[in-house]
Each structure stands twice: as structure tokens, then as C-alpha cells.
>>> print(open('data-v9.tsv').read())   # TSV, C-alpha atoms
chain	number	residue	atom	x	y	z
A	1	MET	CA	3.38	18.97	14.89
A	2	GLU	CA	-0.11	17.48	15.07
A	3	GLN	CA	-0.93	18.13	11.39
A	4	ASP	CA	2.20	16.18	10.32
A	5	ILE	CA	0.81	12.93	11.79
A	6	LEU	CA	-0.92	10.99	9.02
A	7	VAL	CA	-1.48	7.68	10.82
A	8	ASP	CA	-2.38	7.55	14.51
A	9	LEU	CA	-3.05	4.16	16.14
A	10	LYS	CA	-3.89	3.97	19.82
A	11	GLN	CA	-4.13	0.75	21.82
A	12	ILE	CA	-5.00	-1.37	18.79
A	13	GLU	CA	-6.02	-4.93	19.60
A	14	LYS	CA	-6.86	-7.57	17.01
A	15	SER	CA	-8.09	-11.05	17.88
A	16	TYR	CA	-9.57	-13.90	15.86
A	17	ARG	CA	-11.70	-16.83	16.90
A	18	LYS	CA	-10.13	-20.20	16.07
A	19	GLY	CA	-12.57	-22.87	17.12
A	20	LYS	CA	-13.11	-22.31	20.83
A	21	GLU	CA	-9.89	-20.34	21.19
A	22	THR	CA	-9.29	-16.62	20.86
A	23	VAL	CA	-6.02	-15.88	19.08
A	24	LYS	CA	-4.57	-12.43	19.78
A	25	VAL	CA	-2.66	-11.08	16.76
A	26	LEU	CA	-2.05	-7.45	17.79
A	27	SER	CA	-1.78	-6.38	21.41
A	28	GLY	CA	-2.07	-2.80	22.69
A	29	LEU	CA	-0.32	-1.34	19.66
A	30	ASP	CA	0.44	2.40	19.55
A	31	LEU	CA	1.90	3.89	16.37
A	32	GLU	CA	2.26	7.33	14.79
A	33	ILE	CA	3.44	7.76	11.21
A	34	LYS	CA	4.24	11.18	9.81
A	35	ARG	CA	3.07	12.38	6.41
A	36	GLY	CA	5.79	11.72	3.84
A	37	ASP	CA	7.44	8.89	5.79
A	38	PHE	CA	8.70	5.62	4.27
A	39	LEU	CA	8.39	2.93	6.92
A	40	ALA	CA	9.60	-0.67	6.65
A	41	LEU	CA	7.75	-3.09	8.90
A	42	MET	CA	9.71	-6.24	9.71
A	43	GLY	CA	9.26	-9.26	11.95
A	44	PRO	CA	8.94	-13.05	11.88
A	45	SER	CA	6.07	-14.82	10.12
A	46	GLY	CA	2.93	-14.67	12.23
A	47	SER	CA	4.00	-11.51	14.05
A	48	GLY	CA	0.99	-9.52	12.78
A	49	LYS	CA	2.62	-7.47	9.98
A	50	SER	CA	0.05	-8.25	7.28
A	51	THR	CA	-2.79	-7.91	9.78
A	52	LEU	CA	-1.56	-4.42	10.65
A	53	LEU	CA	-1.31	-3.54	6.96
A	54	ASN	CA	-4.89	-4.75	6.39
A	55	LEU	CA	-6.10	-2.58	9.28
A	56	LEU	CA	-4.32	0.48	7.86
A	57	GLY	CA	-5.89	-0.17	4.46
A	58	GLY	CA	-9.41	-0.56	5.83
A	59	LEU	CA	-9.56	-4.20	4.73
A	60	ASP	CA	-10.06	-5.34	8.32
A	61	SER	CA	-11.23	-3.74	11.56
A	62	PRO	CA	-9.56	-3.76	14.97
A	63	THR	CA	-11.15	-5.63	17.86
A	64	SER	CA	-10.60	-2.51	19.96
A	65	GLY	CA	-8.62	0.71	19.96
A	66	SER	CA	-8.59	3.84	17.81
A	67	LEU	CA	-7.36	3.97	14.19
A	68	ARG	CA	-7.19	7.45	12.69
A	69	ILE	CA	-5.76	8.19	9.23
A	70	ASP	CA	-5.59	11.68	7.76
A	71	GLY	CA	-8.15	12.86	10.30
A	72	ASP	CA	-10.66	10.05	9.63
A	73	GLN	CA	-11.34	7.55	12.40
A	74	ILE	CA	-11.71	4.60	10.05
A	75	ASP	CA	-12.59	2.03	12.73
A	76	LYS	CA	-15.91	3.90	13.11
A	77	LEU	CA	-16.85	3.91	9.39
A	78	SER	CA	-19.56	1.69	7.90
A	79	GLN	CA	-18.58	-0.78	5.16
A	80	GLY	CA	-19.89	1.57	2.47
A	81	GLN	CA	-18.03	4.55	3.92
A	82	LEU	CA	-14.90	2.42	4.26
A	83	THR	CA	-15.05	1.36	0.61
A	84	ARG	CA	-15.26	5.00	-0.49
A	85	TRP	CA	-12.52	6.02	1.95
A	86	ARG	CA	-10.24	3.25	0.68
A	87	ALA	CA	-10.76	4.22	-2.96
A	88	ARG	CA	-9.81	7.80	-2.16
A	89	HIS	CA	-6.90	7.27	0.23
A	90	VAL	CA	-5.14	3.93	-0.25
A	91	GLY	CA	-3.01	2.33	-2.95
A	92	PHE	CA	-2.08	-1.34	-2.48
A	93	ILE	CA	1.04	-3.07	-3.86
A	94	PHE	CA	1.34	-6.82	-3.28
A	95	GLN	CA	4.00	-9.48	-3.81
A	96	PHE	CA	1.94	-10.94	-6.65
A	97	TYR	CA	0.85	-8.33	-9.12
A	98	ASN	CA	-2.86	-9.24	-9.43
A	99	LEU	CA	-3.06	-7.83	-12.96
A	100	MET	CA	-5.99	-8.73	-15.21
A	101	PRO	CA	-4.46	-10.85	-18.02
A	102	VAL	CA	-7.12	-9.83	-20.57
A	103	LEU	CA	-6.45	-6.11	-20.08
A	104	THR	CA	-3.58	-4.02	-21.45
A	105	THR	CA	-1.20	-2.14	-19.18
A	106	GLU	CA	-3.16	1.11	-19.49
A	107	ARG	CA	-6.49	-0.62	-18.81
A	108	ASN	CA	-5.09	-2.37	-15.72
A	109	VAL	CA	-3.83	0.96	-14.41
A	110	GLU	CA	-7.18	2.62	-15.12
A	111	LEU	CA	-9.20	0.12	-13.05
A	112	PRO	CA	-9.27	2.07	-9.74
A	113	LEU	CA	-10.46	5.17	-11.59
A	114	LEU	CA	-13.61	3.42	-12.78
A	115	LEU	CA	-14.93	3.90	-9.23
A	116	THR	CA	-14.55	7.68	-9.55
A	117	LYS	CA	-16.54	10.37	-11.34
A	118	LEU	CA	-13.64	11.28	-13.63
A	119	SER	CA	-14.38	11.58	-17.34
A	120	LYS	CA	-12.72	9.24	-19.84
A	121	LYS	CA	-10.32	12.04	-20.83
A	122	GLN	CA	-9.41	12.74	-17.19
A	123	ARG	CA	-8.89	9.02	-16.54
A	124	ARG	CA	-6.54	8.83	-19.53
A	125	GLN	CA	-4.53	11.80	-18.22
A	126	HIS	CA	-4.17	10.13	-14.81
A	127	VAL	CA	-3.09	6.86	-16.44
A	128	ASP	CA	-0.53	8.62	-18.64
A	129	THR	CA	0.92	10.40	-15.60
A	130	ALA	CA	1.13	7.19	-13.55
A	131	LEU	CA	2.81	5.27	-16.39
A	132	ALA	CA	5.31	8.10	-16.86
A	133	LEU	CA	6.21	7.97	-13.17
A	134	VAL	CA	7.02	4.24	-13.39
A	135	GLY	CA	8.71	4.54	-16.80
A	136	LEU	CA	6.28	2.38	-18.76
A	137	GLN	CA	4.71	4.74	-21.31
A	138	ASP	CA	6.09	2.52	-24.10
A	139	ARG	CA	4.31	-0.56	-22.66
A	140	ALA	CA	0.83	1.00	-22.44
A	141	LYS	CA	-0.67	-1.31	-25.09
A	142	HIS	CA	1.07	-4.48	-23.89
A	143	TYR	CA	-0.66	-7.30	-22.02
A	144	PRO	CA	0.75	-8.75	-18.76
A	145	SER	CA	1.95	-11.89	-20.60
A	146	GLU	CA	4.18	-9.63	-22.71
A	147	LEU	CA	5.90	-8.04	-19.68
A	148	SER	CA	8.72	-9.12	-17.38
A	149	GLY	CA	8.10	-9.60	-13.66
A	150	GLY	CA	9.65	-6.23	-12.89
A	151	GLN	CA	7.49	-4.54	-15.52
A	152	GLU	CA	4.37	-6.21	-14.13
A	153	GLN	CA	5.21	-4.87	-10.67
A	154	ARG	CA	5.70	-1.40	-12.17
A	155	VAL	CA	2.21	-1.68	-13.68
A	156	ALA	CA	0.90	-2.66	-10.24
A	157	ILE	CA	2.62	0.39	-8.72
A	158	ALA	CA	1.15	2.65	-11.43
A	159	ARG	CA	-2.29	1.22	-10.64
A	160	ALA	CA	-1.71	1.92	-6.94
A	161	ILE	CA	-0.73	5.57	-7.49
A	162	VAL	CA	-3.11	6.46	-10.35
A	163	SER	CA	-5.74	7.90	-8.02
A	164	ASP	CA	-3.10	9.93	-6.11
A	165	PRO	CA	-3.74	8.12	-2.80
A	166	THR	CA	-2.74	9.44	0.60
A	167	LEU	CA	-1.04	6.20	1.59
A	168	LEU	CA	0.81	3.42	-0.27
A	169	LEU	CA	0.68	0.03	1.45
A	170	CYS	CA	3.17	-2.55	0.18
A	171	ASP	CA	3.08	-6.21	1.25
A	172	GLU	CA	6.39	-7.90	0.28
A	173	PRO	CA	6.47	-5.92	-3.01
A	174	THR	CA	9.79	-7.46	-4.11
A	175	GLY	CA	9.30	-10.97	-2.72
A	176	ASP	CA	8.81	-12.50	-6.18
A	177	LEU	CA	11.67	-10.66	-7.93
A	178	ASP	CA	15.39	-11.24	-8.39
A	179	ARG	CA	17.78	-8.95	-6.50
A	180	ALA	CA	18.55	-6.56	-9.36
A	181	THR	CA	14.88	-6.14	-10.32
A	182	ALA	CA	13.91	-5.85	-6.66
A	183	ASP	CA	16.39	-3.00	-6.22
A	184	GLU	CA	14.89	-1.20	-9.24
A	185	ILE	CA	11.40	-1.46	-7.73
A	186	LEU	CA	12.67	-0.29	-4.33
A	187	ASP	CA	14.44	2.66	-5.95
A	188	LEU	CA	11.15	3.53	-7.65
A	189	LEU	CA	9.30	3.42	-4.33
A	190	ARG	CA	11.96	5.64	-2.77
A	191	ASP	CA	11.59	8.10	-5.66
A	192	LEU	CA	7.81	8.18	-5.14
A	193	ASN	CA	8.44	8.91	-1.47
A	194	GLU	CA	11.10	11.59	-1.99
A	195	GLN	CA	9.85	13.27	-5.17
A	196	GLN	CA	6.06	12.82	-4.91
A	197	ASN	CA	5.95	12.90	-1.08
A	198	LYS	CA	4.05	9.60	-0.96
A	199	THR	CA	3.71	8.07	2.49
A	200	ILE	CA	4.71	4.42	2.20
A	201	ILE	CA	4.38	1.52	4.63
A	202	MET	CA	6.13	-1.62	3.45
A	203	VAL	CA	6.02	-5.08	5.01
A	204	THR	CA	9.18	-7.02	4.18
A	205	HIS	CA	11.34	-9.90	5.39
A	206	ASP	CA	14.31	-8.54	3.42
A	207	PRO	CA	16.79	-6.32	5.33
A	208	LYS	CA	18.12	-4.98	2.00
A	209	ALA	CA	14.60	-3.87	1.09
A	210	ALA	CA	14.19	-2.25	4.50
A	211	ASP	CA	17.39	-0.27	3.87
A	212	HIS	CA	15.50	1.73	1.19
A	213	ALA	CA	13.03	3.02	3.81
A	214	LYS	CA	13.57	6.00	6.11
A	215	HIS	CA	12.66	4.02	9.22
A	216	THR	CA	12.30	0.38	10.23
A	217	LEU	CA	10.01	-0.99	12.93
A	218	ASN	CA	10.01	-4.58	14.16
A	219	LEU	CA	6.80	-6.35	15.08
A	220	ASN	CA	7.02	-9.45	17.26
A	221	LYS	CA	4.12	-11.40	18.73
A	222	GLY	CA	1.73	-8.56	17.99
A	223	ALA	CA	3.75	-5.83	19.68
A	224	LEU	CA	6.23	-3.27	18.38
A	225	GLU	CA	9.80	-3.68	19.57
A	226	HIS	CA	11.48	-0.37	20.40
>>> encode(input="data-v9.tsv", output="C-alpha cells")
Amino acid sequence: MEQDILVDLKQIEKSYRKGKETVKVLSGLDLEIKRGDFLALMGPSGSGKSTLLNLLGGLDSPTSGSLRIDGDQIDKLSQGQLTRWRARHVGFIFQFYNLMPVLTTERNVELPLLLTKLSKKQRRQHVDTALALVGLQDRAKHYPSELSGGQEQRVAIARAIVSDPTLLLCDEPTGDLDRATADEILDLLRDLNEQQNKTIIMVTHDPKAADHAKHTLNLNKGALEH
């Protein structure tokens, strides 16, 4: 049904200027993603996966085409509107955790909420809930240097979900982790999808990571392979 479609991309093109050349990264891309889906996006390096993720997160704009997420046509928003939209709708999880080393776990998780109008008490409640979901309540006062790589990624996931975003975008979220720790993180993402109904789009080179998703799409030379 129409209301089940969260992400709707139509004829998305993305090109960059490189000197005198125009390099086409995405070509005539059509994609629908249902609310509550967990999609793995695979493909060779340079196929456009990260570019597509940046478009979905409002970090970049398409050269042409229509990009609608949760009813908002984000390719038509101004930079200010896009910043507010992103804060409300998107949680990012990267390969490298991007934690602030001088902040504790709970303060790192709280960072996205500082852009909201929530009170200090409300922010604390959100942080506590996010840390509970990733199983790190007992590490709230620890600094990143006192955490393992898997724990740091859990903090990054808590930070991504603390504002209850519509969409979780993951760019190689287990690329810097050993297999056992990677599987723990992937199980956590699957739990967030199945139990919290989070819509997740994950770029990965790892077929074992893709196995945790509900669907896998392959991107090659800027086009989806069906």
C-alpha cells in the first residue's frame, strides 16, 4: 500500500565534475523501500553505494530526479530545512565510530538531542532508553578510551537511535570489527529492526553481514541490478 512506502526514489541521477569531465555516479535509479524494512546494499567499490546513502540522509543532493522520504520531497528542501529534517528523521552509523574522546558514553549519546527543544530531564530519559536498547547502561560514565571496539560501535548506535529517527543509515558498520563482534552488532541491528520497527539501510561488502538483512540489492556502475 502507498502508506507503507517510506523511501521513494524516481529516476535519480548523480554526477560530479572532475576537471573538465562529468562523472556519472548514479544513473536513472528507481527504488522503493517499505517502512520497517532492513535492506543491505552491496556492490563493488565505486558503484555508488555511499553516494546513494548520502542522498538518502540528506547529506548530498541528486543532480536530477525525485527523492521522497516519509512524504517529504527532500531534494526540494533548502539547506536549513534539510538540516532540521535530518535531525528529526535520520540516524547515521559509520564504520568508524566518530565518538568525542573527551565525552562520556552518555554525553556522546546525548549530542543529537542538543539540537532539539527537549529539557535536560527528557534528554536523560532518551539517553537511558537508548543505552538500555544497546545493553550499555553500565558503561554510561565511561570514556571511549575505556571501551572495546564493539562497545564503541554500540555507543554510536545508541547515538543514532536516541532521537527515535525514521531511518537508520549504516555505512559498513562492522567493517572495523572482528567476526564475533561484528555478528553481535548485526544481531543488535536486526533486533532494532524487528522489535523497534526501525527501517535500516546498510551498505556492506560483507555477504555475512548482508545475511542479517531482510533484502539485498546490488548496485553496479550506478544502477541497481535486479
>>> residues_around(input="data-v9.tsv", residues="range 11-22 of chain A", least_positions_apart="5", cutoff="6 Å", atoms="all atoms listed in the file", output="list in words")
Ser27, Gly28, Leu29, Asp30, Pro62, Thr63, Ser64 and Gly65 of chain A
>>> closest_residue(input="data-v9.tsv", among="A:Leu167, A:Leu217, A:Leu115, A:Phe94", to="Asn193 in chain A", atoms="all atoms listed in the file")
A:Leu167
>>> atom_distance(input="data-v9.tsv", atom1="CA of Asn108 in chain A", atom2="CA of Lys141 in chain A")
10.4 Å
>>> residues_around(input="data-v9.tsv", residues="Ile201 in chain A", least_positions_apart="6", cutoff="9 Å", atoms="only C-alpha atoms", output="CSV table (one decimal) with C-alpha atoms, in the coordinates of the input")
chain,number,residue,atom,x,y,z
A,37,ASP,CA,7.4,8.9,5.8
A,38,PHE,CA,8.7,5.6,4.3
A,39,LEU,CA,8.4,2.9,6.9
A,40,ALA,CA,9.6,-0.7,6.6
A,41,LEU,CA,7.8,-3.1,8.9
A,53,LEU,CA,-1.3,-3.5,7.0
A,167,LEU,CA,-1.0,6.2,1.6
A,168,LEU,CA,0.8,3.4,-0.3
A,169,LEU,CA,0.7,0.0,1.4
A,170,CYS,CA,3.2,-2.6,0.2
A,171,ASP,CA,3.1,-6.2,1.2
A,213,ALA,CA,13.0,3.0,3.8
>>> closest_residue(input="data-v9.tsv", among="A:Val155, A:Met42, A:Ile5, A:Ala160", to="His89 in chain A", atoms="all atoms listed in the file")
A:Ala160
>>> closest_residue(input="data-v9.tsv", among="A:Ser119, A:His212, A:Lys221, A:Ile93", to="Pro173 in chain A", atoms="all atoms listed in the file")
A:Ile93
>>> closest_residue(input="data-v9.tsv", among="A:Ile33, A:Leu55, A:Met202, A:Val127", to="Leu113 in chain A", atoms="all atoms listed in the file")
A:Val127
>>> atom_distance(input="data-v9.tsv", atom1="CA of Asp75 in chain A", atom2="CA of Val203 in chain A")
21.4 Å
>>> closest_residue(input="data-v9.tsv", among="A:Glu106, A:Glu146, A:Glu184, A:Asp8", to="Ala130 in chain A", atoms="all atoms listed in the file")
A:Glu106
>>> atom_distance(input="data-v9.tsv", atom1="CA of Thr105 in chain A", atom2="CA of Gly91 in chain A")
16.9 Å
>>> closest_residue(input="data-v9.tsv", among="A:Gly58, A:Gly46, A:Pro144, A:Pro101", to="Leu77 in chain A", atoms="only C-alpha atoms")
A:Gly58
>>> residues_around(input="data-v9.tsv", residues="Lys208 in chain A", least_positions_apart="4", cutoff="10 Å", atoms="all atoms listed in the file", output="VMD selection string")
chain A and resid 179 182 to 183 186 204 212 to 213
>>> write_last_selection(input="data-v9.tsv", atoms="C-alpha atoms", output="CSV table (one decimal), in the coordinates of the input")
chain,number,residue,atom,x,y,z
A,179,ARG,CA,17.8,-9.0,-6.5
A,182,ALA,CA,13.9,-5.8,-6.7
A,183,ASP,CA,16.4,-3.0,-6.2
A,186,LEU,CA,12.7,-0.3,-4.3
A,204,THR,CA,9.2,-7.0,4.2
A,212,HIS,CA,15.5,1.7,1.2
A,213,ALA,CA,13.0,3.0,3.8
>>> decode(input="data-v9.tsv", residues="range 15-28 of chain A", atoms="all heavy atoms", output="compact mmCIF listing (two decimals), in the first residue's frame")
# COMPACT_ATOMS: atom_id res chain seq x y z
N SER A 15 25.78 13.24 -10.69
CA SER A 15 27.03 13.43 -11.42
C SER A 15 27.92 14.42 -10.69
O SER A 15 27.43 15.29 -9.95
CB SER A 15 26.76 13.95 -12.84
OG SER A 15 25.93 13.06 -13.56
N TYR A 16 29.22 14.26 -10.88
CA TYR A 16 30.20 15.19 -10.30
C TYR A 16 31.08 15.71 -11.42
O TYR A 16 31.32 15.02 -12.42
CB TYR A 16 31.09 14.49 -9.26
CG TYR A 16 30.36 14.02 -8.03
CD1 TYR A 16 30.01 12.68 -7.87
CD2 TYR A 16 30.03 14.91 -7.01
CE1 TYR A 16 29.35 12.24 -6.74
CE2 TYR A 16 29.37 14.48 -5.87
CZ TYR A 16 29.04 13.15 -5.75
OH TYR A 16 28.38 12.72 -4.61
N ARG A 17 31.57 16.92 -11.23
CA ARG A 17 32.56 17.48 -12.15
C ARG A 17 33.95 17.08 -11.68
O ARG A 17 34.28 17.24 -10.51
CB ARG A 17 32.45 19.00 -12.22
CG ARG A 17 31.16 19.52 -12.81
CD ARG A 17 31.06 19.25 -14.30
NE ARG A 17 32.07 19.98 -15.07
CZ ARG A 17 32.24 19.85 -16.38
NH1 ARG A 17 31.48 19.01 -17.06
NH2 ARG A 17 33.16 20.55 -17.00
N LYS A 18 34.74 16.53 -12.56
CA LYS A 18 36.13 16.18 -12.26
C LYS A 18 36.99 16.80 -13.34
O LYS A 18 37.15 16.25 -14.43
CB LYS A 18 36.29 14.67 -12.21
CG LYS A 18 37.63 14.21 -11.66
CD LYS A 18 37.67 12.70 -11.54
CE LYS A 18 39.00 12.24 -10.96
NZ LYS A 18 39.05 10.76 -10.84
N GLY A 19 37.52 18.00 -13.02
CA GLY A 19 38.21 18.76 -14.06
C GLY A 19 37.22 19.17 -15.13
O GLY A 19 36.19 19.77 -14.85
N LYS A 20 37.51 18.79 -16.37
CA LYS A 20 36.61 19.11 -17.47
C LYS A 20 35.60 17.99 -17.74
O LYS A 20 34.72 18.12 -18.59
CB LYS A 20 37.42 19.37 -18.74
CG LYS A 20 38.28 20.63 -18.65
CD LYS A 20 39.02 20.88 -19.94
CE LYS A 20 39.87 22.15 -19.85
NZ LYS A 20 40.62 22.42 -21.10
N GLU A 21 35.75 16.89 -17.01
CA GLU A 21 34.88 15.75 -17.22
C GLU A 21 33.68 15.76 -16.27
O GLU A 21 33.75 16.30 -15.17
CB GLU A 21 35.64 14.44 -16.99
CG GLU A 21 36.65 14.10 -18.04
CD GLU A 21 37.25 12.72 -17.77
OE1 GLU A 21 36.52 11.72 -17.93
OE2 GLU A 21 38.43 12.67 -17.38
N THR A 22 32.60 15.17 -16.72
CA THR A 22 31.45 14.90 -15.85
C THR A 22 31.42 13.41 -15.57
O THR A 22 31.35 12.59 -16.50
CB THR A 22 30.13 15.32 -16.53
OG1 THR A 22 30.16 16.73 -16.77
CG2 THR A 22 28.94 15.00 -15.63
N VAL A 23 31.49 13.06 -14.28
CA VAL A 23 31.49 11.66 -13.87
C VAL A 23 30.11 11.31 -13.33
O VAL A 23 29.66 11.89 -12.34
CB VAL A 23 32.56 11.39 -12.79
CG1 VAL A 23 32.54 9.92 -12.38
CG2 VAL A 23 33.94 11.79 -13.30
N LYS A 24 29.45 10.36 -13.99
CA LYS A 24 28.11 9.95 -13.56
C LYS A 24 28.25 8.83 -12.53
O LYS A 24 28.86 7.80 -12.79
CB LYS A 24 27.28 9.48 -14.76
CG LYS A 24 25.85 9.12 -14.40
CD LYS A 24 24.98 8.87 -15.64
CE LYS A 24 24.57 10.19 -16.28
NZ LYS A 24 23.52 9.98 -17.31
N VAL A 25 27.69 9.04 -11.33
CA VAL A 25 27.80 8.06 -10.24
C VAL A 25 26.53 7.23 -10.14
O VAL A 25 26.58 6.02 -9.94
CB VAL A 25 28.09 8.77 -8.90
CG1 VAL A 25 28.30 7.74 -7.79
CG2 VAL A 25 29.31 9.67 -9.02
N LEU A 26 25.37 7.87 -10.24
CA LEU A 26 24.09 7.16 -10.22
C LEU A 26 23.33 7.51 -11.49
O LEU A 26 23.30 8.66 -11.91
CB LEU A 26 23.26 7.56 -8.99
CG LEU A 26 23.87 7.20 -7.63
CD1 LEU A 26 23.01 7.78 -6.50
CD2 LEU A 26 24.02 5.70 -7.46
N SER A 27 22.68 6.49 -12.07
CA SER A 27 22.08 6.67 -13.39
C SER A 27 20.66 6.12 -13.43
O SER A 27 20.45 4.91 -13.39
CB SER A 27 22.95 5.95 -14.45
OG SER A 27 22.41 6.10 -15.73
N GLY A 28 19.67 7.04 -13.47
CA GLY A 28 18.28 6.66 -13.64
C GLY A 28 17.78 5.66 -12.60
O GLY A 28 17.07 4.72 -12.91
